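Quick look at coords-v7.cif (mmCIF, C-alpha atoms):
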```cif
data_start
loop_
_atom_site.label_atom_id
_atom_site.label_comp_id
_atom_site.auth_asym_id
_atom_site.auth_seq_id
_atom_site.Cartn_x
_atom_site.Cartn_y
_atom_site.Cartn_z
CA MET A 17 -1.40 39.04 -38.23
CA SER A 18 -4.40 41.04 -37.04
CA ASN A 19 -7.86 41.23 -38.66
CA ALA A 20 -7.04 44.83 -39.79
CA VAL A 21 -4.49 43.49 -42.24
CA LEU A 22 -7.01 41.04 -43.64
CA ALA A 23 -9.61 43.81 -43.97
CA ARG A 24 -7.16 45.98 -45.91
CA LEU A 25 -6.40 43.15 -48.33
CA TYR A 26 -10.12 42.54 -48.81
CA THR A 27 -10.60 46.24 -49.65
CA GLN A 28 -7.75 46.29 -52.15
CA ARG A 29 -9.03 43.18 -53.87
CA GLN A 30 -12.53 44.60 -54.06
CA GLU A 31 -11.14 47.79 -55.58
CA GLN A 32 -9.51 45.79 -58.37
CA ILE A 33 -12.72 43.86 -58.98
CA THR A 34 -14.70 47.11 -59.13
CA PHE A 35 -12.16 48.62 -61.57
CA ILE A 36 -12.57 45.64 -63.92
CA ASP A 37 -16.37 45.82 -63.73
CA GLN A 38 -16.45 49.57 -64.43
CA THR A 39 -14.05 49.25 -67.39
CA LEU A 40 -16.08 46.53 -69.02
CA GLU A 41 -19.36 48.40 -68.39
CA ARG A 42 -17.95 51.56 -70.08
CA VAL A 43 -16.71 49.65 -73.11
CA GLU A 44 -20.07 47.92 -73.41
CA ALA A 45 -21.95 51.21 -73.11
CA GLU A 46 -19.85 52.75 -75.90
CA GLY A 47 -20.32 49.72 -78.12
CA ARG A 48 -16.67 49.21 -78.94
CA ASP A 49 -13.76 46.88 -78.33
CA LEU A 50 -11.10 47.24 -75.69
CA VAL A 51 -8.15 49.30 -76.70
CA ASP A 52 -4.64 48.07 -75.92
CA ALA A 53 -4.29 50.31 -72.86
CA GLU A 54 -7.57 49.08 -71.39
CA GLN A 55 -6.61 45.46 -72.05
CA ALA A 56 -3.30 46.01 -70.28
CA ASN A 57 -5.06 47.63 -67.30
CA LEU A 58 -7.46 44.67 -67.01
CA ASP A 59 -4.58 42.18 -67.16
CA ALA A 60 -2.75 44.11 -64.44
CA ALA A 61 -5.90 44.22 -62.29
CA ARG A 62 -6.44 40.49 -62.61
CA GLN A 63 -2.79 39.83 -61.68
CA ARG A 64 -3.18 42.09 -58.65
CA ILE A 65 -6.33 40.17 -57.63
CA ARG A 66 -4.39 36.89 -57.79
CA GLU A 67 -1.62 38.32 -55.64
CA LEU A 68 -4.03 39.65 -53.05
CA SER A 69 -5.95 36.33 -52.93
CA ALA A 70 -2.69 34.49 -52.32
CA GLN A 71 -2.08 36.71 -49.26
CA ILE A 72 -5.67 36.47 -48.03
CA GLU A 73 -6.00 32.64 -48.12
CA PRO A 74 -3.54 31.77 -45.27
CA LEU A 75 -4.81 34.69 -43.19
CA GLU A 76 -8.40 33.42 -43.46
CA ALA A 77 -7.30 29.99 -42.12
CA ARG A 78 -5.59 31.56 -39.10
CA VAL A 79 -8.48 33.67 -37.93
CA VAL A 80 -10.88 30.69 -37.54
CA ALA A 81 -11.52 30.47 -33.77
CA ASP A 82 -10.39 27.31 -31.90
CA GLN A 83 -13.01 25.70 -29.63
CA LYS A 84 -11.34 23.61 -26.92
CA THR A 85 -12.34 21.92 -23.67
CA SER A 86 -10.56 24.74 -21.83
CA ASN A 87 -13.31 27.05 -23.12
CA THR A 88 -16.12 24.94 -21.61
CA PRO A 89 -15.10 23.95 -18.05
CA GLY A 90 -18.62 24.59 -16.82
CA ILE A 91 -20.09 21.66 -18.73
CA LEU A 92 -17.24 19.16 -18.43
CA PRO A 93 -18.24 16.51 -15.85
CA THR A 94 -15.75 14.67 -13.64
CA PRO A 95 -17.19 11.15 -13.47
CA ILE A 96 -16.24 8.65 -10.76
CA VAL A 97 -15.63 5.32 -12.45
CA GLY A 98 -15.66 1.95 -10.73
CA ALA A 99 -15.32 1.02 -7.10
CA VAL A 100 -13.05 2.82 -4.64
CA VAL A 101 -9.48 1.48 -4.85
CA ASP A 102 -8.78 -0.07 -1.46
CA LEU A 103 -5.12 -0.96 -0.82
CA ILE A 104 -5.39 -2.93 2.40
CA ASP A 105 -5.00 -6.64 3.14
CA TYR A 106 -7.41 -7.37 5.96
CA ASN A 107 -6.95 -11.14 5.91
CA ARG A 108 -5.74 -12.55 9.22
CA PRO A 109 -3.62 -15.55 8.17
CA LEU A 110 -2.05 -16.14 11.59
CA ILE A 111 -5.34 -16.02 13.50
CA THR A 112 -6.98 -18.22 10.88
CA SER A 113 -4.16 -20.77 11.04
CA LEU A 114 -4.58 -21.00 14.81
CA GLY A 115 -8.15 -22.19 14.34
CA GLY A 116 -9.66 -18.73 14.36
CA ALA A 117 -10.59 -16.60 17.34
CA MET A 118 -12.72 -18.28 19.99
CA GLY A 119 -15.62 -16.43 21.55
CA LEU A 120 -14.81 -14.04 24.37
CA GLY A 121 -18.37 -13.04 25.14
CA GLY A 122 -19.64 -14.12 28.53
CA ILE A 123 -16.19 -14.32 30.14
CA PRO A 124 -16.19 -11.69 32.94
CA GLY A 125 -13.26 -9.72 34.29
CA THR A 126 -10.24 -8.10 32.73
CA THR A 127 -8.28 -11.36 32.80
CA PHE A 128 -9.04 -15.07 32.76
CA SER A 129 -6.94 -18.20 32.96
CA ARG A 130 -6.63 -21.49 31.15
CA PRO A 131 -5.77 -24.46 33.41
CA LYS A 132 -2.58 -26.30 32.52
CA ILE A 133 -1.02 -29.36 34.08
CA THR A 134 2.49 -28.42 35.11
CA GLN A 135 3.27 -31.69 36.95
CA HIS A 136 1.79 -35.09 36.17
CA VAL A 137 1.36 -38.04 38.53
CA THR A 138 4.02 -40.71 38.28
CA VAL A 139 3.77 -44.39 37.48
CA GLY A 140 6.64 -46.85 37.96
CA GLN A 141 7.43 -50.52 38.30
CA GLN A 142 6.70 -52.02 41.71
CA SER A 143 9.94 -53.25 43.23
CA GLY A 144 8.29 -56.22 44.91
CA GLU A 145 5.03 -57.54 46.23
CA LYS A 146 3.34 -55.19 48.69
CA THR A 147 6.03 -52.58 48.28
CA GLN A 148 5.17 -48.92 47.92
CA LEU A 149 4.07 -47.84 44.48
CA ALA A 150 5.49 -44.71 42.86
CA SER A 151 3.59 -41.65 43.91
CA GLN A 152 3.60 -37.98 42.91
CA ASN A 153 0.90 -35.40 43.13
CA MET A 154 -0.46 -33.63 40.08
CA VAL A 155 -0.03 -29.87 39.89
CA ILE A 156 -2.38 -27.79 37.79
CA GLY A 157 -1.24 -24.28 37.10
CA SER A 158 -2.74 -21.66 34.84
CA VAL A 159 -1.99 -19.55 31.79
CA THR A 160 -3.30 -16.02 32.14
CA PHE A 161 -5.06 -14.23 29.29
CA THR A 162 -5.40 -10.45 29.54
CA LYS A 163 -8.16 -8.69 27.66
CA ALA A 164 -7.30 -5.75 25.44
CA THR A 165 -9.59 -3.36 23.60
CA TYR A 166 -9.01 -2.30 20.00
CA GLY A 167 -11.06 0.25 18.14
CA GLY A 168 -11.23 3.45 16.15
CA THR A 169 -13.67 6.32 15.82
CA VAL A 170 -14.54 9.02 13.27
CA ASP A 171 -16.93 11.98 13.42
CA ILE A 172 -18.60 12.34 10.02
CA SER A 173 -20.87 15.15 8.85
CA ARG A 174 -24.36 14.54 7.48
CA GLN A 175 -23.29 16.31 4.31
CA ASP A 176 -20.50 13.79 3.74
CA ILE A 177 -23.02 11.00 4.24
CA ASP A 178 -25.75 12.48 2.02
CA TRP A 179 -23.79 14.12 -0.78
CA THR A 180 -21.13 11.55 -1.65
CA SER A 181 -21.33 8.89 -4.35
CA PRO A 182 -20.24 6.18 -3.74
CA ALA A 183 -21.53 6.69 -0.22
CA ALA A 184 -18.78 7.77 2.17
CA TRP A 185 -20.65 6.15 5.08
CA ASP A 186 -20.40 2.64 3.65
CA ILE A 187 -16.75 3.07 2.72
CA LEU A 188 -15.90 4.50 6.14
CA VAL A 189 -17.58 1.69 8.09
CA ARG A 190 -15.92 -0.94 5.91
CA ASP A 191 -12.53 0.72 6.37
CA LEU A 192 -12.91 0.78 10.16
CA ALA A 193 -13.66 -2.96 10.15
CA GLN A 194 -10.75 -3.75 7.86
CA VAL A 195 -8.20 -1.69 9.78
CA TYR A 196 -9.46 -3.32 13.01
CA ALA A 197 -8.68 -6.71 11.43
CA VAL A 198 -5.18 -5.57 10.45
CA GLN A 199 -4.37 -4.12 13.87
CA THR A 200 -5.54 -7.20 15.78
CA GLU A 201 -3.53 -9.46 13.47
CA THR A 202 -0.52 -7.19 14.01
CA ALA A 203 -0.76 -7.44 17.80
CA ILE A 204 -1.10 -11.22 17.82
CA THR A 205 1.68 -11.68 15.26
CA ALA A 206 4.11 -9.70 17.41
CA ASP A 207 3.21 -11.71 20.53
CA PHE A 208 3.34 -15.02 18.67
CA ALA A 209 6.85 -14.33 17.34
CA THR A 210 8.11 -13.11 20.73
CA LYS A 211 6.82 -16.18 22.59
CA ALA A 212 8.26 -18.74 20.18
CA THR A 213 11.09 -19.56 22.59
CA GLY A 214 11.76 -23.23 21.81
CA THR A 215 15.31 -24.52 21.45
CA LYS A 216 16.51 -23.44 18.02
CA PRO A 217 18.42 -25.76 15.69
CA PRO A 218 21.98 -24.76 14.70
CA ALA A 219 22.06 -21.57 12.64
CA LEU A 220 21.63 -22.00 8.93
CA PRO A 221 24.64 -20.97 6.80
CA ALA A 222 24.88 -17.73 4.84
CA VAL A 223 23.58 -19.38 1.68
CA PRO A 224 21.46 -22.34 2.78
CA VAL A 225 20.64 -25.06 0.28
CA GLN A 226 17.81 -27.57 0.37
CA ALA A 227 19.64 -29.92 2.74
CA ASP A 228 20.17 -27.07 5.24
CA TRP A 229 16.48 -26.13 5.21
CA VAL A 230 15.34 -29.74 5.57
CA LYS A 231 17.69 -30.44 8.46
CA GLY A 232 16.72 -27.20 10.20
CA LEU A 233 13.00 -27.83 9.84
CA TYR A 234 13.21 -31.43 11.02
CA THR A 235 15.35 -30.43 14.00
CA ALA A 236 12.88 -27.68 14.88
CA ALA A 237 10.01 -30.18 14.58
CA MET A 238 11.85 -32.54 16.93
CA HIS A 239 12.36 -29.81 19.52
CA SER A 240 8.74 -28.72 19.14
CA TYR A 241 7.45 -32.22 19.87
CA GLN A 242 9.82 -32.68 22.82
CA ALA A 243 8.54 -29.46 24.42
CA GLY A 244 4.82 -29.81 23.73
CA LEU A 245 4.34 -33.54 23.12
CA ARG A 246 2.28 -32.61 20.09
CA MET A 247 3.29 -33.21 16.52
CA PRO A 248 3.86 -29.89 14.76
CA ASP A 249 1.11 -29.11 12.27
CA ARG A 250 2.15 -25.73 10.84
CA VAL A 251 5.18 -23.84 9.59
CA TRP A 252 4.75 -20.07 9.92
CA VAL A 253 7.02 -17.92 7.75
CA SER A 254 7.60 -14.25 6.99
CA LEU A 255 7.44 -12.87 3.47
CA ASP A 256 11.17 -13.12 2.82
CA VAL A 257 11.31 -16.74 3.98
CA TRP A 258 8.35 -17.56 1.70
CA ALA A 259 10.26 -16.00 -1.19
CA ALA A 260 13.49 -17.80 -0.25
CA LEU A 261 11.85 -21.22 -0.01
CA GLY A 262 9.84 -20.70 -3.18
CA SER A 263 12.93 -19.73 -5.17
CA LEU A 264 15.07 -22.69 -4.11
CA VAL A 265 16.33 -24.61 -7.15
CA ASP A 266 18.13 -27.88 -7.64
CA THR A 267 20.44 -26.96 -10.54
CA THR A 268 17.64 -25.64 -12.75
CA ARG A 269 14.57 -27.34 -11.27
CA VAL A 270 12.36 -25.61 -8.69
CA ILE A 271 12.48 -27.61 -5.45
CA PHE A 272 9.02 -26.52 -4.35
CA PRO A 273 6.83 -26.80 -7.48
CA VAL A 274 3.25 -25.58 -7.86
CA ASP A 275 2.02 -29.11 -7.13
CA THR A 276 3.60 -32.51 -6.53
CA VAL A 277 1.91 -33.98 -9.59
CA ARG A 278 4.34 -32.05 -11.79
CA GLU A 279 7.36 -33.00 -9.67
CA MET A 280 6.94 -36.36 -7.96
CA GLY A 281 8.81 -36.57 -4.69
CA ALA A 282 9.08 -32.81 -4.20
CA PRO A 283 9.45 -31.79 -0.51
CA GLY A 284 6.52 -29.38 -0.75
CA THR A 285 4.65 -26.96 -2.96
CA SER A 286 4.68 -23.24 -3.56
CA GLU A 287 3.37 -20.79 -6.12
CA ILE A 288 3.91 -17.13 -6.80
CA ALA A 289 0.20 -16.44 -7.39
CA SER A 290 -0.83 -17.08 -3.78
CA PHE A 291 0.51 -17.87 -0.32
CA ARG A 292 -0.87 -21.40 -0.45
CA GLY A 293 1.68 -24.21 -0.09
CA ASP A 294 3.30 -26.75 2.20
CA VAL A 295 6.75 -27.76 3.38
CA LEU A 296 7.68 -31.36 4.23
CA GLY A 297 4.02 -32.27 4.71
CA LEU A 298 3.12 -29.28 6.88
CA PRO A 299 0.93 -26.39 5.71
CA ARG A 300 3.15 -23.36 5.22
CA ILE A 301 1.44 -20.25 6.60
CA VAL A 302 2.72 -16.96 5.20
CA CYS A 303 2.21 -14.13 7.69
CA PRO A 304 3.22 -10.82 6.06
CA LEU A 305 3.38 -9.09 9.45
CA LEU A 306 5.97 -11.45 10.94
CA PRO A 307 9.47 -9.94 11.31
CA ALA A 308 11.93 -10.70 8.53
CA LYS A 309 13.87 -13.99 8.77
CA THR A 310 11.10 -15.69 10.74
CA CYS A 311 10.34 -19.38 10.32
CA ILE A 312 8.50 -21.05 13.21
CA VAL A 313 7.49 -24.71 13.58
CA GLY A 314 4.82 -25.72 16.08
CA ASN A 315 1.36 -27.02 16.88
CA SER A 316 -1.48 -24.59 16.22
CA GLN A 317 -3.53 -25.84 19.19
CA LEU A 318 -0.95 -24.56 21.66
CA TYR A 319 -1.61 -20.88 20.98
CA GLU A 320 -5.10 -19.51 21.59
CA VAL A 321 -6.91 -16.36 20.56
CA TYR A 322 -10.19 -15.10 22.02
CA GLU A 323 -12.20 -12.26 20.58
CA GLU A 324 -15.49 -10.45 20.94
CA VAL A 325 -16.20 -8.05 18.12
CA ILE A 326 -18.34 -5.17 19.36
CA GLY A 327 -18.82 -4.01 15.81
CA LEU A 328 -20.31 -0.67 14.88
CA LEU A 329 -21.41 1.93 17.42
CA SER A 330 -22.87 5.25 16.31
CA VAL A 331 -24.46 8.28 17.91
CA ILE A 332 -26.20 11.18 16.15
CA GLU A 333 -25.06 14.74 16.94
CA PRO A 334 -28.07 16.88 15.97
CA SER A 335 -26.58 20.22 17.05
CA ILE A 336 -23.79 19.96 14.48
CA LEU A 337 -25.46 17.65 11.94
CA GLY A 338 -22.91 14.92 12.47
CA VAL A 339 -22.63 11.25 13.32
CA GLN A 340 -19.90 9.86 15.55
CA VAL A 341 -19.10 6.29 14.62
CA ALA A 342 -16.77 3.75 16.24
CA TYR A 343 -15.78 0.17 15.54
CA GLY A 344 -13.98 -2.09 17.97
CA GLY A 345 -13.67 -5.31 19.86
CA TYR A 346 -12.04 -7.16 22.74
CA LEU A 347 -9.04 -9.44 22.27
CA ALA A 348 -7.11 -11.88 24.47
CA TYR A 349 -4.32 -14.19 23.40
CA ASN A 350 -1.45 -16.24 24.81
CA SER A 351 0.75 -19.24 24.21
CA LEU A 352 -0.02 -22.42 26.17
CA ALA A 353 3.49 -23.79 25.59
CA GLN A 354 6.01 -21.21 24.46
CA THR A 355 8.89 -23.67 24.09
CA ALA A 356 6.78 -25.84 21.75
CA PHE A 357 7.10 -23.14 19.09
CA VAL A 358 10.57 -23.37 17.59
CA GLY A 359 12.07 -20.88 15.22
CA LEU A 360 14.95 -21.43 12.81
CA ASP A 361 18.08 -19.37 13.39
CA LEU A 362 18.40 -17.41 10.15
CA SER A 363 20.57 -14.62 11.56
CA ALA A 364 23.61 -15.63 9.49
CA VAL A 365 21.70 -16.01 6.21
CA THR A 366 22.76 -13.38 3.70
CA SER A 367 20.97 -14.75 0.63
CA MET A 368 17.48 -13.93 1.90
CA PRO A 369 15.42 -11.72 -0.44
CA THR A 370 15.18 -8.20 0.91
CA ALA A 371 11.66 -7.37 2.00
CA ALA A 372 10.37 -3.82 1.52
CA GLU A 373 9.34 -1.81 4.53
CA MET A 374 5.94 -3.21 5.48
CA ASP A 375 2.91 -0.92 5.38
CA ILE A 376 0.02 -2.60 7.18
CA SER A 377 -2.46 -0.76 4.99
CA ALA A 378 -1.01 -2.20 1.78
CA PRO A 379 -1.76 -5.68 0.44
CA ALA A 380 1.01 -8.23 0.42
CA THR A 381 -0.56 -10.18 -2.42
CA GLU A 382 -3.86 -10.98 -3.93
CA GLU A 383 -5.28 -14.21 -2.53
CA GLU A 384 -6.41 -16.83 -5.01
CA THR A 385 -9.50 -17.53 -2.96
CA PRO A 386 -11.97 -14.75 -2.11
CA ALA A 387 -10.83 -12.73 0.88
CA GLU A 388 -12.62 -13.49 4.11
CA GLU A 389 -14.75 -10.72 5.45
CA PRO A 390 -13.43 -8.72 8.42
CA PRO A 391 -14.72 -9.78 11.83
CA ALA A 392 -18.47 -9.29 11.96
CA GLY A 393 -20.16 -7.62 14.88
CA ARG A 394 -23.44 -6.22 16.05
CA THR A 395 -24.63 -2.77 15.13
CA ARG A 396 -25.63 -0.60 18.02
CA ARG A 397 -27.06 2.91 17.91
#
```
Go ahead and render the structure in this file as structure tokens.
Amino acid sequence: MSNAVLARLYTQRQEQITFIDQTLERVEAEGRDLVDAEQANLDAARQRIRELSAQIEPLEARVVADQKTSNTPGILPTPIVGAVVDLIDYNRPLITSLGGAMGLGGIPGTTFSRPKITQHVTVGQQSGEKTQLASQNMVIGSVTFTKATYGGTVDISRQDIDWTSPAAWDILVRDLAQVYAVQTETAITADFATKATGTKPPALPAVPVQADWVKGLYTAAMHSYQAGLRMPDRVWVSLDVWAALGSLVDTTRVIFPVDTVREMGAPGTSEIASFRGDVLGLPRIVCPLLPAKTCIVGNSQLYEVYEEVIGLLSVIEPSILGVQVAYGGYLAYNSLAQTAFVGLDLSAVTSMPTAAEMDISAPATEEETPAEEPPAGRTRR
């Protein structure tokens, strides 16, 4: 109802109150008692007042104005709480497992080579006194490393630098460094998987059990040693292989427990809280960027990575009040013995957990240990 209705009810109630007052004042002025008619009129007036008050009470409650946040948008702040959520995993597990990137600074040219003996001398048993000894020349070939440049650039306004909180500049520079780390790991991971060309063991069955995995890994280790004459020291696996190995059970017991103290004689360790673990005595390296169904056995010293991080470059643009910033580095990588890296044939396996489509900007998991910082570099202006 409108306020006009309430005003009318107020008026009618006041009229009844005034009527009562005037009647009583007249009787008092005349010095007499109320006659029956006057008493009846007063009773009727009081009844009418009660009826009007009953109508007025709910109307008074409805006309009280509501004060809500929608009425005060001009003084409602929008606070920014906590640090910026950053969904990117900039760890480089493959590069780290290979001993880290070696320094590329000071090596001139667009390519360089690593010497490699491709034919050794020969030694044999002398057939008799003063007979010719075995003889064969040594041949030293080379493995070529080609330099590649990786980097990104952004043109940021002074306003975005000066007016933002947290500071957009710091977040932007950190993001450039982190994405650089992801992209360089992606490039090396793809090359590493492609060049793992060692003789594969027989394909694992559709639903491999522990015995199938053990035989496959040992056979791969044998082929790796035969090709590189180095004992394998790592097992590199994709996310789905990590999940498959970690979920192996012997009836009801996990085959790869969190630690061997809890399960004496276990063939390795694994845990869901981190990628840390080992298989048959070898550190198991989980590389989220490896293609699905990848499990490679080899020696980490037979694949090399070189890197020179340029770091941050920036130039001020005074005419437009901007700053152009770039972050980059140089990278070179290659396998010194491709056939010494042996992958398992998992093409027939149908029981492998299905991995989601990989987004390189999203974290695969949260490491138990603090994440290493992205490659550091010099700042140049």
Selection in question (the file shown): the PyMOL selection byres ((chain A and resi 316-331) around 7). Which residues does it include, as a ChimeraX atom specification? /A:113-114,117-121,249-250,314-315,332-333,339-353,391-397
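Minimum distance to Gly293 (chain A) across A:Thr213, A:Ser335, A:Trp258, A:Gly140 (counting all atoms listed in the file) occurs at A:Trp258.
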Between CA of Val313 (chain A) and CA of Ala243 (chain A), what is the distance in Å, rounded to a tenth? 11.9 Å
Could you list, as a PyMOL selection string, every residue within 10 Å of region 177-183 of chain A, counting only C-alpha atoms and ignoring same-chain residues fewer than 4 positions away? chain A and resi 96-100+172-173+187-188+338-339
With the PyMOL selection byres ((chain A and resi 68) around 8) as the selection, what would be picked from this file? Answer as JSON, numbers by chain, please. {"A": [25, 26, 28, 29, 64, 65, 66, 67, 69, 70, 71, 72]}
Coordinates-based distance that separates CA of Thr112 (chain A) from CA of Glu201 (chain A) (Å, one decimal): 9.8 Å
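CA of Phe161 (chain A) is found 8.7 Å from CA of Thr126 (chain A).
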